[in-house]
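**Student:** Below you will find the structure I want to go over with you.
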Amino acid sequence: MMGRVTISTNCGEDSTYVSNIFIDEYMQDANDAQIKIYLFLLRMMSANLPTSVEALADKFNHTESDVIRALKYWERKGLISLEYDTAQNLTGIHMEDIVANAQRCYGRRKSDTTARPVLTPVTSEPQPPVLQPVVTDRKAADIKTETTALAGTPSKPNYSPAQLKAFKESDGSYLLFLAEQYFKRPLTPTEMSTVYYIHDELGFSEELLDYLMQYCVDNHKTDFRYMEKVAIGWDQKGITTPKQARTENYRHNSDIITIMKSLGMENSPTEREGTFISKWSGELGFTMDIILEACDRTVLATPKGRLKYCDGILRSWQKKGVKTREDIARADAEFTADFTKKKQAASKASIDTKLRSSESSIRLGGTRNHFNQFQQNTYDFDDLEKKLLDN
């Protein structure tokens, strides 16, 4: 069990102050748990109250692992510093100076004594105080994970067999199972360390790590060094959800960009557009050559709704078993023959209808007008005259 952690403060207990920079630049990329943890740390600091990982977990109904990941997330962002004892137990949380990303220099030196900027209060106060940073002497050996000088990405620790065993028996059991299913082999200790690092140090959720492994397998990359490199890249870009990761991948997918340009779409692909287009090669199984042919036909056919129109062409080709351009030519010939046959049948049916209409409505030798279209009566006027005279 981890001990209680004291948060230093120079503020009163009446209000909690949140930096505008946090709201403008950091809050949008953080998930709910990370935001709650950070705001609560500010609250405890302003009240000069101690807390602990267990208390934070109970407060927000999270697991202790969730709390630790949130703390490490804010440490990577440079907003807090975590201190550990020689047994790697968390002993201190220091709220760091919060500055704009353009001015941020990750990591904190012993000599750093720059004052914090003026913070915006959550509750209205006439003159918000200026918080001063807490500067302590830290030795490198006391820190579990150091950040790189530029990107703020933690380096990969050398996990001991005991740590890997503990990970496999707790949070990592499902993730390691997933990895073995995706890569179709038992994992080596080095590969398990990579999963542990991405989950624990980079703070990837199970959903994001799941998508990361799927992404690597779909791109035929089974080397865990590649997966680690992709994970670090996503971490540096602030990607925390599978949706953000998909959008980022689509923006750099040359095939999707080529397809969109072929359809006259110059914008960067959105997550929805990228997912829609990816089905053409994934679900439908078409090559780029066939997809681009469908794009060309779409552009000639319509100026609007081209994604759906092109999707309609490709799905009709799939039903006809199209795989090559020769198959497309065959499908075109079949369509033309069928269209001609239907056109001839429709023309013959129209002529037959007209003939039947003429036979029923026009008397032989008569002229066609409004009157002789009805049944005509014939009379013997001599006979009628005789009958009248007899009466």
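The way I read the labels, and the way they are meant: chains A, B, ... in the order of the structure tokens, residue 1 as the first residue of every chain, and ligand 1 as the first ligand shown, with later ones counted on from there.
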May I have the residues within 10 Å of A:Lys320 as a list of chain:residue names, using only C-alpha atoms and disregarding those fewer than 6 positions away in the same chain?

**Tutor:** A:Leu314, A:Asp327, A:Ile328, A:Arg330, A:Ala331

**Student:** Please provide as a PyMOL selection string all residues within 10 Å of stretch 196-202 of chain A, with the sequence filter that same-chain residues fewer than 6 positions apart are discarded (counting only C-alpha atoms).

**Tutor:** chain A and resi 65-66+68-69+72-73+76+145+153-159+163-164+167-168+171-172+175-176+190+208-209+227-228+231-232+234-236+240

**Student:** Could the residues in this selection be saved with N, CA and C atoms as a JSON list (two decimals), in the first residue's frame?

**Tutor:**
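Writing done, so here's out.json:
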[["chain", "number", "residue", "atom", "x", "y", "z"],
["A", 65, "SER", "N", -4.67, 1.95, -10.18],
["A", 65, "SER", "CA", -3.91, 2.01, -11.43],
["A", 65, "SER", "C", -4.37, 3.18, -12.29],
["A", 66, "ASP", "N", -5.68, 3.44, -12.31],
["A", 66, "ASP", "CA", -6.20, 4.59, -13.06],
["A", 66, "ASP", "C", -5.63, 5.90, -12.51],
["A", 68, "ILE", "N", -2.81, 6.31, -10.79],
["A", 68, "ILE", "CA", -1.38, 6.40, -11.08],
["A", 68, "ILE", "C", -1.14, 6.78, -12.53],
["A", 69, "ARG", "N", -1.93, 6.21, -13.45],
["A", 69, "ARG", "CA", -1.79, 6.57, -14.86],
["A", 69, "ARG", "C", -2.11, 8.05, -15.08],
["A", 72, "LYS", "N", 0.83, 10.10, -13.86],
["A", 72, "LYS", "CA", 1.96, 10.03, -14.80],
["A", 72, "LYS", "C", 1.67, 10.81, -16.08],
["A", 73, "TYR", "N", 0.39, 10.84, -16.45],
["A", 73, "TYR", "CA", 0.02, 11.63, -17.63],
["A", 73, "TYR", "C", 0.35, 13.10, -17.42],
["A", 76, "ARG", "N", 4.05, 13.71, -17.48],
["A", 76, "ARG", "CA", 4.58, 13.80, -18.84],
["A", 76, "ARG", "C", 4.27, 15.15, -19.47],
["A", 145, "THR", "N", 10.83, 7.55, -13.37],
["A", 145, "THR", "CA", 10.87, 7.76, -14.80],
["A", 145, "THR", "C", 11.22, 9.19, -15.11],
["A", 153, "THR", "N", 8.48, 12.42, -23.28],
["A", 153, "THR", "CA", 8.09, 11.02, -23.26],
["A", 153, "THR", "C", 8.99, 10.24, -22.32],
["A", 154, "PRO", "N", 8.41, 9.51, -21.37],
["A", 154, "PRO", "CA", 9.24, 8.76, -20.42],
["A", 154, "PRO", "C", 10.02, 7.65, -21.11],
["A", 155, "SER", "N", 11.24, 7.42, -20.64],
["A", 155, "SER", "CA", 12.04, 6.34, -21.19],
["A", 155, "SER", "C", 11.51, 5.00, -20.69],
["A", 156, "LYS", "N", 11.89, 3.95, -21.38],
["A", 156, "LYS", "CA", 11.40, 2.61, -21.06],
["A", 156, "LYS", "C", 12.22, 2.01, -19.92],
["A", 157, "PRO", "N", 11.61, 1.70, -18.79],
["A", 157, "PRO", "CA", 12.35, 1.12, -17.67],
["A", 157, "PRO", "C", 12.80, -0.31, -17.97],
["A", 158, "ASN", "N", 13.76, -0.78, -17.21],
["A", 158, "ASN", "CA", 14.16, -2.19, -17.25],
["A", 158, "ASN", "C", 13.36, -2.94, -16.20],
["A", 159, "TYR", "N", 12.24, -3.51, -16.64],
["A", 159, "TYR", "CA", 11.36, -4.19, -15.70],
["A", 159, "TYR", "C", 11.99, -5.50, -15.22],
["A", 163, "GLN", "N", 8.32, -7.67, -11.55],
["A", 163, "GLN", "CA", 7.40, -6.64, -12.02],
["A", 163, "GLN", "C", 6.56, -7.16, -13.19],
["A", 164, "LEU", "N", 7.18, -7.88, -14.12],
["A", 164, "LEU", "CA", 6.44, -8.44, -15.26],
["A", 164, "LEU", "C", 5.41, -9.46, -14.78],
["A", 167, "PHE", "N", 2.52, -7.57, -13.31],
["A", 167, "PHE", "CA", 1.73, -6.96, -14.38],
["A", 167, "PHE", "C", 0.87, -8.01, -15.07],
["A", 168, "LYS", "N", 1.45, -9.17, -15.32],
["A", 168, "LYS", "CA", 0.71, -10.25, -15.99],
["A", 168, "LYS", "C", -0.44, -10.75, -15.15],
["A", 171, "ASP", "N", -3.26, -5.83, -14.05],
["A", 171, "ASP", "CA", -3.78, -5.04, -15.17],
["A", 171, "ASP", "C", -3.42, -5.61, -16.53],
["A", 172, "GLY", "N", -2.26, -6.27, -16.62],
["A", 172, "GLY", "CA", -1.77, -6.68, -17.93],
["A", 172, "GLY", "C", -2.29, -8.01, -18.44],
["A", 175, "LEU", "N", -4.43, -7.49, -21.55],
["A", 175, "LEU", "CA", -3.65, -6.89, -22.63],
["A", 175, "LEU", "C", -2.67, -7.89, -23.22],
["A", 176, "LEU", "N", -2.01, -8.66, -22.38],
["A", 176, "LEU", "CA", -1.08, -9.67, -22.88],
["A", 176, "LEU", "C", -1.81, -10.76, -23.63],
["A", 190, "THR", "N", 10.76, -9.42, -23.33],
["A", 190, "THR", "CA", 10.99, -8.09, -23.93],
["A", 190, "THR", "C", 9.70, -7.53, -24.51],
["A", 208, "LEU", "N", -7.17, 1.93, -26.45],
["A", 208, "LEU", "CA", -6.17, 2.50, -27.34],
["A", 208, "LEU", "C", -5.07, 1.48, -27.65],
["A", 209, "LEU", "N", -4.66, 0.70, -26.64],
["A", 209, "LEU", "CA", -3.64, -0.31, -26.88],
["A", 209, "LEU", "C", -4.17, -1.42, -27.79],
["A", 227, "MET", "N", 5.78, -1.16, -32.86],
["A", 227, "MET", "CA", 4.63, -0.78, -32.06],
["A", 227, "MET", "C", 5.01, 0.26, -31.01],
["A", 228, "GLU", "N", 6.17, 0.10, -30.39],
["A", 228, "GLU", "CA", 6.63, 1.06, -29.40],
["A", 228, "GLU", "C", 6.87, 2.43, -30.03],
["A", 231, "ALA", "N", 3.57, 4.08, -30.68],
["A", 231, "ALA", "CA", 2.97, 4.51, -29.41],
["A", 231, "ALA", "C", 3.61, 5.80, -28.92],
["A", 232, "ILE", "N", 4.92, 5.91, -29.02],
["A", 232, "ILE", "CA", 5.61, 7.14, -28.60],
["A", 232, "ILE", "C", 5.17, 8.31, -29.46],
["A", 234, "TRP", "N", 2.27, 8.69, -30.98],
["A", 234, "TRP", "CA", 0.92, 9.07, -30.57],
["A", 234, "TRP", "C", 0.95, 9.82, -29.25],
["A", 235, "ASP", "N", 1.79, 9.37, -28.33],
["A", 235, "ASP", "CA", 1.89, 10.03, -27.03],
["A", 235, "ASP", "C", 2.37, 11.47, -27.19],
["A", 236, "GLN", "N", 3.32, 11.70, -28.06],
["A", 236, "GLN", "CA", 3.85, 13.05, -28.26],
["A", 236, "GLN", "C", 2.82, 13.97, -28.91],
["A", 240, "THR", "N", -5.11, 10.11, -27.13],
["A", 240, "THR", "CA", -5.53, 9.32, -25.96],
["A", 240, "THR", "C", -6.70, 8.40, -26.24]]

**Student:** Would you kindly return, as a PDB file with N, CA and C atoms, in the first residue's frame, each protein, DNA or RNA residue with an atom no farther than 12 Å from any atom of A:Thr63, considering only C-alpha atoms and excluding same-chain residues fewer than 5 positions away?

**Tutor:**
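Output below, filename part.pdb:
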ATOM      1  N   ALA A  33     -11.000  11.214 -16.248  1.00  0.00           N
ATOM      2  CA  ALA A  33     -10.280  10.822 -15.042  1.00  0.00           C
ATOM      3  C   ALA A  33      -9.072  11.720 -14.809  1.00  0.00           C
ATOM      4  N   VAL A  53      -3.011   7.905  -3.062  1.00  0.00           N
ATOM      5  CA  VAL A  53      -3.548   7.239  -4.246  1.00  0.00           C
ATOM      6  C   VAL A  53      -4.850   6.522  -3.895  1.00  0.00           C
ATOM      7  N   GLU A  54      -4.871   5.894  -2.728  1.00  0.00           N
ATOM      8  CA  GLU A  54      -6.087   5.202  -2.305  1.00  0.00           C
ATOM      9  C   GLU A  54      -7.257   6.163  -2.135  1.00  0.00           C
ATOM     10  N   ALA A  55      -6.974   7.331  -1.558  1.00  0.00           N
ATOM     11  CA  ALA A  55      -8.034   8.323  -1.343  1.00  0.00           C
ATOM     12  C   ALA A  55      -8.566   8.856  -2.663  1.00  0.00           C
ATOM     13  N   LEU A  56      -7.669   9.097  -3.617  1.00  0.00           N
ATOM     14  CA  LEU A  56      -8.100   9.571  -4.929  1.00  0.00           C
ATOM     15  C   LEU A  56      -8.941   8.515  -5.640  1.00  0.00           C
ATOM     16  N   ALA A  57      -8.525   7.262  -5.510  1.00  0.00           N
ATOM     17  CA  ALA A  57      -9.286   6.180  -6.143  1.00  0.00           C
ATOM     18  C   ALA A  57     -10.687   6.082  -5.542  1.00  0.00           C
ATOM     19  N   ASP A  58     -10.794   6.180  -4.227  1.00  0.00           N
ATOM     20  CA  ASP A  58     -12.098   6.111  -3.568  1.00  0.00           C
ATOM     21  C   ASP A  58     -12.963   7.319  -3.906  1.00  0.00           C
ATOM     22  N   ILE A  68      -2.813   6.313 -10.788  1.00  0.00           N
ATOM     23  CA  ILE A  68      -1.379   6.398 -11.077  1.00  0.00           C
ATOM     24  C   ILE A  68      -1.143   6.784 -12.533  1.00  0.00           C
ATOM     25  N   ARG A  69      -1.930   6.212 -13.447  1.00  0.00           N
ATOM     26  CA  ARG A  69      -1.786   6.575 -14.863  1.00  0.00           C
ATOM     27  C   ARG A  69      -2.108   8.049 -15.082  1.00  0.00           C
ATOM     28  N   ALA A  70      -3.134   8.555 -14.393  1.00  0.00           N
ATOM     29  CA  ALA A  70      -3.473   9.971 -14.521  1.00  0.00           C
ATOM     30  C   ALA A  70      -2.345  10.856 -14.000  1.00  0.00           C
ATOM     31  N   SER A 170      -2.168  -8.862 -12.991  1.00  0.00           N
ATOM     32  CA  SER A 170      -3.119  -7.810 -12.621  1.00  0.00           C
ATOM     33  C   SER A 170      -3.635  -7.102 -13.875  1.00  0.00           C
ATOM     34  N   ASP A 171      -3.255  -5.835 -14.054  1.00  0.00           N
ATOM     35  CA  ASP A 171      -3.783  -5.041 -15.168  1.00  0.00           C
ATOM     36  C   ASP A 171      -3.417  -5.608 -16.529  1.00  0.00           C
TER      37      ASP A 171
END

**Student:** Quick check for you: according to DSSP on this backbone, which residues of stretch 200-310 of chain A are classed as alpha helix (DSSP H)? Reply as a PyMOL selection string.

**Tutor:** chain A and resi 200+206-218+224-236+242-251+254-262+271-281+288-301+306-310

**Student:** Using only C-alpha atoms, which protein or nucleic acid residues come within 12 Å of A:Ile35? Drop anything in the same chain fewer than 4 positions from it, and give the result as number ranges by chain.

**Tutor:** A: 18, 22-23, 26-31, 39-42, 60, 67, 70-71, 73-74, 79

**Student:** Give me a file of those residues, with C-alpha atoms, as a short mmCIF file (atom, residue, chain, number, x, y, z; two decimals), in the first residue's frame.

**Tutor:**
data_model
loop_
_atom_site.label_atom_id
_atom_site.label_comp_id
_atom_site.auth_asym_id
_atom_site.auth_seq_id
_atom_site.Cartn_x
_atom_site.Cartn_y
_atom_site.Cartn_z
CA VAL A 18 -7.07 27.03 -12.28
CA PHE A 22 -4.61 24.65 -18.45
CA ILE A 23 -8.13 25.34 -19.72
CA TYR A 26 -4.32 21.00 -21.68
CA MET A 27 -7.90 20.23 -20.73
CA GLN A 28 -9.16 19.40 -24.23
CA ASP A 29 -6.75 16.48 -24.72
CA ALA A 30 -7.20 14.91 -21.28
CA ASN A 31 -9.84 12.36 -20.42
CA LEU A 39 -8.42 19.56 -10.36
CA PHE A 40 -8.67 17.63 -7.12
CA LEU A 41 -4.92 17.97 -6.59
CA LEU A 42 -5.31 21.73 -6.99
CA PHE A 60 -13.73 9.18 -7.97
CA VAL A 67 -5.05 7.20 -10.55
CA ALA A 70 -3.47 9.97 -14.52
CA LEU A 71 -0.64 11.24 -12.32
CA TYR A 73 0.02 11.63 -17.63
CA TRP A 74 0.24 15.05 -15.97
CA LEU A 79 2.24 20.02 -14.85
#

**Student:** For each of A:Lys323, A:Met45, A:Asp97, A:Asp289, take the minimum atom-to-atom distance to A:Ile21, counting only C-alpha atoms, then give the residue where this is smallest.

**Tutor:**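 Looking only at the distances to A:Ile21, the closest residue turns out to be A:Asp97.
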
**Student:** How many Å lie between atom CA of A:Leu284 and atom CA of A:Lys342, rounded to one decimal?

**Tutor:**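 It comes out at 29.5 Å.
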
**Student:** One number please: atom CA of A:Ser160 to atom CA of A:Thr86, in Å, one decimal.

**Tutor:**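 Those two atoms sit 15.5 Å apart.
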
**Student:** Write out as JSON lines the residues of stretch 265-345 of chain A that have any atom within 7 Å of an atom of stretch 247-254 of chain A, one row each with the nearest atom pair and its distance in Å to one decimal, counting only C-alpha atoms, sorted by chain and then rising number.

**Tutor:**
{"residue": "A:Ser268", "atom": "CA", "partner": "A:Arg251", "partner_atom": "CA", "distance": 6.0}
{"residue": "A:Pro269", "atom": "CA", "partner": "A:Arg251", "partner_atom": "CA", "distance": 5.9}
{"residue": "A:Thr270", "atom": "CA", "partner": "A:Thr247", "partner_atom": "CA", "distance": 6.0}
{"residue": "A:Glu271", "atom": "CA", "partner": "A:Thr247", "partner_atom": "CA", "distance": 4.6}
{"residue": "A:Gly274", "atom": "CA", "partner": "A:Tyr250", "partner_atom": "CA", "distance": 5.6}
